[in-house]
Every structure is written in C-alpha cells, then in structure tokens.
Amino acid sequence: MVLLDMTVLSVAEPDLVSSLHASTSGLQWATTSYTVVFAALLLTAGAAADRFGAHRVFRSGIAAFGALSLLCAAAPGLAALVGLRALLGVAAAACVPASMAMIARLYPAAPDRTRALATWAAI
C-alpha cells in the first residue's frame, strides 16, 4: 500500500490540475514530497521500531497513513496537498521496516521466515 502510493498520484494528475489549478511543477512537488520523506526516514523508522516495538510503530504508521490519506483526498489546495503528502511519507516510512521486523519475529524458523520475507517482497 505504501509503495503503491508513490505512483498512484500520477493517475490523478489530470484531476489535480483541474480541481487544484496545479502546475506541472506543483504536481512534481506533490509526488516528490512523499517519496523523498519516505526514503529519508526508512532507517530512522527502523530504529524507532527496534526501540519502541515493531508492532506499536506499525499500528501507529497504519493509523496515521489512513488518516493522512483521507486528509490528502480533501486537501483544499496544492500547498496543503504537498505538506500532507510529506507527512504521509513519514507514516509510510514507519510501516515498511516495522512490517519486516514483525515478520522476522513471527517466523523464527529460517525456512518459514524466508518464505514469509519472499512473499512480503513480492507483494
């Protein structure tokens, strides 16, 4: 879900241009703000999952991701959308390393863990 969100905005670009009166550079900011923040915080989110617990970080990230997705859908303007998409990147960054850490804990046997991680990566 969080990785799909990097590209899903490109489908909505024509609607964003008409509804938010966005320019091409504005659309690039809306897309890039999510991706840059997401990539920049992956390591930090992994450390937070180790410190506070993967399950807790994952639940918080999913809840924030859902709420911020709704707020993005209701953004009144391009500036709000860019800011909300950046915050969405923070929530997404919390989900990915925490989900992998949960898999490692849920499947302690090497063959099961390998299969689970392969499924996680494929999905």
# chains A, B, ... in the order shown; residues from 1 in each chain; ligands from 1
>>> residues_around(residues="stretch 57-74 of chain A", least_positions_apart="2", cutoff="8 Å", atoms="only C-alpha atoms", output="mmCIF file with N, CA, C and O atoms, in the first residue's frame")
data_model
loop_
_atom_site.group_PDB
_atom_site.id
_atom_site.type_symbol
_atom_site.label_atom_id
_atom_site.label_comp_id
_atom_site.auth_asym_id
_atom_site.auth_seq_id
_atom_site.Cartn_x
_atom_site.Cartn_y
_atom_site.Cartn_z
ATOM 1 N N ALA A 48 13.339 3.285 15.234
ATOM 2 C CA ALA A 48 12.181 3.501 16.119
ATOM 3 C C ALA A 48 11.434 2.186 16.365
ATOM 4 O O ALA A 48 10.984 1.926 17.480
ATOM 5 N N ALA A 49 11.334 1.340 15.333
ATOM 6 C CA ALA A 49 10.677 0.040 15.510
ATOM 7 C C ALA A 49 11.464 -0.833 16.482
ATOM 8 O O ALA A 49 10.879 -1.547 17.291
ATOM 9 N N PHE A 52 10.874 1.084 20.125
ATOM 10 C CA PHE A 52 9.528 1.155 20.696
ATOM 11 C C PHE A 52 8.675 -0.076 20.409
ATOM 12 O O PHE A 52 7.545 -0.171 20.902
ATOM 13 N N GLY A 53 9.174 -0.978 19.599
ATOM 14 C CA GLY A 53 8.434 -2.181 19.254
ATOM 15 C C GLY A 53 7.852 -2.077 17.855
ATOM 16 O O GLY A 53 7.197 -1.083 17.522
ATOM 17 N N ALA A 54 8.116 -3.105 17.074
ATOM 18 C CA ALA A 54 7.673 -3.093 15.689
ATOM 19 C C ALA A 54 6.152 -3.030 15.580
ATOM 20 O O ALA A 54 5.608 -2.310 14.740
ATOM 21 N N HIS A 55 5.471 -3.758 16.430
ATOM 22 C CA HIS A 55 4.012 -3.794 16.367
ATOM 23 C C HIS A 55 3.415 -2.413 16.645
ATOM 24 O O HIS A 55 2.506 -1.963 15.932
ATOM 25 N N PRO A 76 -7.486 21.251 0.389
ATOM 26 C CA PRO A 76 -8.135 22.385 -0.273
ATOM 27 C C PRO A 76 -7.270 23.055 -1.350
ATOM 28 O O PRO A 76 -7.784 23.785 -2.186
ATOM 29 N N ALA A 80 -1.342 22.577 0.646
ATOM 30 C CA ALA A 80 -1.797 21.635 1.676
ATOM 31 C C ALA A 80 -1.537 20.202 1.238
ATOM 32 O O ALA A 80 -1.107 19.366 2.042
ATOM 33 N N LEU A 81 -1.756 19.918 -0.038
ATOM 34 C CA LEU A 81 -1.516 18.567 -0.537
ATOM 35 C C LEU A 81 -0.045 18.186 -0.443
ATOM 36 O O LEU A 81 0.290 17.090 -0.018
ATOM 37 N N LEU A 84 0.732 17.581 3.282
ATOM 38 C CA LEU A 84 0.106 16.343 3.751
ATOM 39 C C LEU A 84 0.780 15.119 3.147
ATOM 40 O O LEU A 84 0.944 14.101 3.813
ATOM 41 N N ARG A 85 1.206 15.217 1.893
ATOM 42 C CA ARG A 85 1.912 14.095 1.270
ATOM 43 C C ARG A 85 3.265 13.874 1.935
ATOM 44 O O ARG A 85 3.715 12.739 2.059
ATOM 45 N N LEU A 87 3.880 14.428 5.142
ATOM 46 C CA LEU A 87 3.524 13.737 6.383
ATOM 47 C C LEU A 87 3.116 12.290 6.105
ATOM 48 O O LEU A 87 3.408 11.394 6.904
ATOM 49 N N LEU A 88 2.476 12.061 4.978
ATOM 50 C CA LEU A 88 2.124 10.700 4.569
ATOM 51 C C LEU A 88 3.386 9.860 4.361
ATOM 52 O O LEU A 88 3.417 8.680 4.681
ATOM 53 N N ALA A 91 4.523 8.586 7.738
ATOM 54 C CA ALA A 91 3.726 7.431 8.167
ATOM 55 C C ALA A 91 4.098 6.186 7.376
ATOM 56 O O ALA A 91 4.200 5.087 7.938
ATOM 57 N N ALA A 92 4.327 6.334 6.093
ATOM 58 C CA ALA A 92 4.702 5.194 5.254
ATOM 59 C C ALA A 92 6.054 4.635 5.666
ATOM 60 O O ALA A 92 6.251 3.411 5.698
ATOM 61 N N ALA A 93 6.977 5.515 5.987
ATOM 62 C CA ALA A 93 8.307 5.071 6.411
ATOM 63 C C ALA A 93 8.229 4.267 7.704
ATOM 64 O O ALA A 93 9.030 3.362 7.918
ATOM 65 N N ALA A 94 7.270 4.560 8.545
ATOM 66 C CA ALA A 94 7.114 3.797 9.787
ATOM 67 C C ALA A 94 6.623 2.380 9.512
ATOM 68 O O ALA A 94 6.961 1.445 10.248
ATOM 69 N N CYS A 95 5.854 2.208 8.460
ATOM 70 C CA CYS A 95 5.233 0.906 8.184
ATOM 71 C C CYS A 95 6.201 -0.126 7.623
ATOM 72 O O CYS A 95 6.152 -1.295 8.010
ATOM 73 N N VAL A 96 7.066 0.257 6.712
ATOM 74 C CA VAL A 96 7.864 -0.718 5.972
ATOM 75 C C VAL A 96 8.868 -1.458 6.856
ATOM 76 O O VAL A 96 8.845 -2.692 6.900
ATOM 77 N N ALA A 98 8.967 -1.694 10.072
ATOM 78 C CA ALA A 98 8.255 -2.357 11.167
ATOM 79 C C ALA A 98 7.592 -3.642 10.682
ATOM 80 O O ALA A 98 7.578 -4.646 11.397
ATOM 81 N N SER A 99 7.061 -3.635 9.475
ATOM 82 C CA SER A 99 6.438 -4.854 8.953
ATOM 83 C C SER A 99 7.474 -5.952 8.744
ATOM 84 O O SER A 99 7.214 -7.120 9.038
#
>>> residues_around(residues="stretch 5-17 of chain A", least_positions_apart="6", cutoff="8 Å", atoms="only C-alpha atoms", output="list of chain:residue names")
A:Ser23, A:Leu27, A:Thr31, A:Tyr34, A:Thr35
>>> select_by_dssp(residues="chain A", states="alpha helix (DSSP H)", output="PDB file with C-alpha atoms, in the first residue's frame")
ATOM      1  CA  ASP A   5       1.226   5.446  -3.084  1.00  0.00           C
ATOM      2  CA  MET A   6       4.455   6.601  -4.735  1.00  0.00           C
ATOM      3  CA  THR A   7       2.959   6.092  -8.168  1.00  0.00           C
ATOM      4  CA  VAL A   8      -0.779   6.320  -7.615  1.00  0.00           C
ATOM      5  CA  GLU A  13      -2.744  14.251 -12.148  1.00  0.00           C
ATOM      6  CA  PRO A  14      -5.346  15.398 -14.700  1.00  0.00           C
ATOM      7  CA  ASP A  15      -7.940  15.754 -11.946  1.00  0.00           C
ATOM      8  CA  LEU A  16      -5.475  17.604  -9.708  1.00  0.00           C
ATOM      9  CA  VAL A  17      -4.723  20.084 -12.477  1.00  0.00           C
ATOM     10  CA  SER A  18      -8.394  20.891 -12.887  1.00  0.00           C
ATOM     11  CA  SER A  19      -9.514  20.803  -9.241  1.00  0.00           C
ATOM     12  CA  LEU A  20      -6.487  22.438  -7.585  1.00  0.00           C
ATOM     13  CA  THR A  24       3.385  20.775 -13.636  1.00  0.00           C
ATOM     14  CA  SER A  25       5.983  21.774 -11.054  1.00  0.00           C
ATOM     15  CA  GLY A  26       3.308  21.728  -8.358  1.00  0.00           C
ATOM     16  CA  LEU A  27       2.348  18.201  -9.313  1.00  0.00           C
ATOM     17  CA  GLN A  28       6.008  17.209  -9.156  1.00  0.00           C
ATOM     18  CA  TRP A  29       6.222  18.593  -5.622  1.00  0.00           C
ATOM     19  CA  ALA A  30       3.119  16.665  -4.589  1.00  0.00           C
ATOM     20  CA  THR A  31       4.638  13.436  -5.872  1.00  0.00           C
ATOM     21  CA  THR A  32       8.203  14.053  -4.754  1.00  0.00           C
ATOM     22  CA  SER A  33       7.397  15.264  -1.227  1.00  0.00           C
ATOM     23  CA  TYR A  34       6.068  11.802  -0.359  1.00  0.00           C
ATOM     24  CA  THR A  35       8.917   9.892  -1.981  1.00  0.00           C
ATOM     25  CA  VAL A  36      11.761  11.971  -0.544  1.00  0.00           C
ATOM     26  CA  VAL A  37      10.435  11.935   3.016  1.00  0.00           C
ATOM     27  CA  PHE A  38       9.652   8.221   2.786  1.00  0.00           C
ATOM     28  CA  ALA A  39      13.159   7.352   1.591  1.00  0.00           C
ATOM     29  CA  ALA A  40      14.879   9.695   4.039  1.00  0.00           C
ATOM     30  CA  LEU A  41      13.147   8.241   7.092  1.00  0.00           C
ATOM     31  CA  LEU A  42      13.325   4.497   6.401  1.00  0.00           C
ATOM     32  CA  LEU A  43      16.435   3.964   8.558  1.00  0.00           C
ATOM     33  CA  THR A  44      15.140   6.188  11.334  1.00  0.00           C
ATOM     34  CA  ALA A  45      11.824   4.352  11.323  1.00  0.00           C
ATOM     35  CA  GLY A  46      13.673   1.040  11.589  1.00  0.00           C
ATOM     36  CA  ALA A  47      15.497   2.314  14.654  1.00  0.00           C
ATOM     37  CA  ALA A  48      12.181   3.501  16.119  1.00  0.00           C
ATOM     38  CA  ALA A  49      10.677   0.040  15.510  1.00  0.00           C
ATOM     39  CA  ASP A  50      13.610  -1.527  17.365  1.00  0.00           C
ATOM     40  CA  ARG A  51      13.300   0.901  20.250  1.00  0.00           C
ATOM     41  CA  PHE A  52       9.528   1.155  20.696  1.00  0.00           C
ATOM     42  CA  ALA A  54       7.673  -3.093  15.689  1.00  0.00           C
ATOM     43  CA  HIS A  55       4.012  -3.794  16.367  1.00  0.00           C
ATOM     44  CA  ARG A  56       3.432  -0.416  18.013  1.00  0.00           C
ATOM     45  CA  VAL A  57       5.258   1.510  15.279  1.00  0.00           C
ATOM     46  CA  PHE A  58       3.426  -0.424  12.554  1.00  0.00           C
ATOM     47  CA  ARG A  59      -0.005   0.206  14.093  1.00  0.00           C
ATOM     48  CA  SER A  60       0.764   3.889  14.544  1.00  0.00           C
ATOM     49  CA  GLY A  61       2.061   4.147  10.988  1.00  0.00           C
ATOM     50  CA  ILE A  62      -1.006   2.446   9.511  1.00  0.00           C
ATOM     51  CA  ALA A  63      -3.400   4.611  11.533  1.00  0.00           C
ATOM     52  CA  ALA A  64      -1.560   7.788  10.535  1.00  0.00           C
ATOM     53  CA  PHE A  65      -1.345   6.634   6.914  1.00  0.00           C
ATOM     54  CA  GLY A  66      -5.093   6.075   6.755  1.00  0.00           C
ATOM     55  CA  ALA A  67      -5.950   9.396   8.371  1.00  0.00           C
ATOM     56  CA  LEU A  68      -3.472  11.342   6.261  1.00  0.00           C
ATOM     57  CA  SER A  69      -4.704   9.663   3.089  1.00  0.00           C
ATOM     58  CA  LEU A  70      -8.200  10.948   3.845  1.00  0.00           C
ATOM     59  CA  LEU A  71      -6.835  14.412   4.539  1.00  0.00           C
ATOM     60  CA  CYS A  72      -4.904  14.339   1.257  1.00  0.00           C
ATOM     61  CA  ALA A  73      -8.115  13.487  -0.580  1.00  0.00           C
ATOM     62  CA  LEU A  78      -1.790  22.375  -3.703  1.00  0.00           C
ATOM     63  CA  ALA A  79       0.309  23.637  -0.773  1.00  0.00           C
ATOM     64  CA  ALA A  80      -1.797  21.635   1.676  1.00  0.00           C
ATOM     65  CA  LEU A  81      -1.516  18.567  -0.537  1.00  0.00           C
ATOM     66  CA  VAL A  82       2.271  18.834  -0.691  1.00  0.00           C
ATOM     67  CA  GLY A  83       2.534  19.177   3.087  1.00  0.00           C
ATOM     68  CA  LEU A  84       0.106  16.343   3.751  1.00  0.00           C
ATOM     69  CA  ARG A  85       1.912  14.095   1.270  1.00  0.00           C
ATOM     70  CA  ALA A  86       5.182  14.776   3.114  1.00  0.00           C
ATOM     71  CA  LEU A  87       3.524  13.737   6.383  1.00  0.00           C
ATOM     72  CA  LEU A  88       2.124  10.700   4.569  1.00  0.00           C
ATOM     73  CA  GLY A  89       5.723   9.807   3.716  1.00  0.00           C
ATOM     74  CA  VAL A  90       6.570   9.837   7.429  1.00  0.00           C
ATOM     75  CA  ALA A  91       3.726   7.431   8.167  1.00  0.00           C
ATOM     76  CA  ALA A  92       4.702   5.194   5.254  1.00  0.00           C
ATOM     77  CA  ALA A  93       8.307   5.071   6.411  1.00  0.00           C
ATOM     78  CA  ALA A  94       7.114   3.797   9.787  1.00  0.00           C
ATOM     79  CA  CYS A  95       5.233   0.906   8.184  1.00  0.00           C
ATOM     80  CA  VAL A  96       7.864  -0.718   5.972  1.00  0.00           C
ATOM     81  CA  PRO A  97      10.714  -1.548   8.383  1.00  0.00           C
ATOM     82  CA  ALA A  98       8.255  -2.357  11.167  1.00  0.00           C
ATOM     83  CA  SER A  99       6.438  -4.854   8.953  1.00  0.00           C
ATOM     84  CA  MET A 100       9.700  -6.586   8.105  1.00  0.00           C
ATOM     85  CA  ALA A 101      10.690  -6.714  11.771  1.00  0.00           C
ATOM     86  CA  MET A 102       7.335  -8.260  12.646  1.00  0.00           C
ATOM     87  CA  ILE A 103       7.863 -10.963  10.019  1.00  0.00           C
ATOM     88  CA  ALA A 104      11.262 -11.779  11.488  1.00  0.00           C
ATOM     89  CA  ARG A 105       9.688 -12.200  14.931  1.00  0.00           C
ATOM     90  CA  LEU A 106       6.604 -14.090  13.760  1.00  0.00           C
ATOM     91  CA  ALA A 110      14.647 -19.940   8.837  1.00  0.00           C
ATOM     92  CA  PRO A 111      12.643 -21.679   6.064  1.00  0.00           C
ATOM     93  CA  ASP A 112       9.354 -20.144   7.211  1.00  0.00           C
ATOM     94  CA  ARG A 113      10.946 -16.712   7.605  1.00  0.00           C
ATOM     95  CA  THR A 114      12.499 -16.952   4.146  1.00  0.00           C
ATOM     96  CA  ARG A 115       9.128 -17.824   2.592  1.00  0.00           C
ATOM     97  CA  ALA A 116       7.391 -15.005   4.501  1.00  0.00           C
ATOM     98  CA  LEU A 117      10.015 -12.437   3.500  1.00  0.00           C
ATOM     99  CA  ALA A 118       9.820 -13.572  -0.132  1.00  0.00           C
ATOM    100  CA  THR A 119       6.048 -13.158  -0.047  1.00  0.00           C
ATOM    101  CA  TRP A 120       6.417  -9.729   1.603  1.00  0.00           C
ATOM    102  CA  ALA A 121       8.881  -8.611  -1.076  1.00  0.00           C
ATOM    103  CA  ALA A 122       6.753  -9.970  -3.924  1.00  0.00           C
TER     104      ALA A 122
END
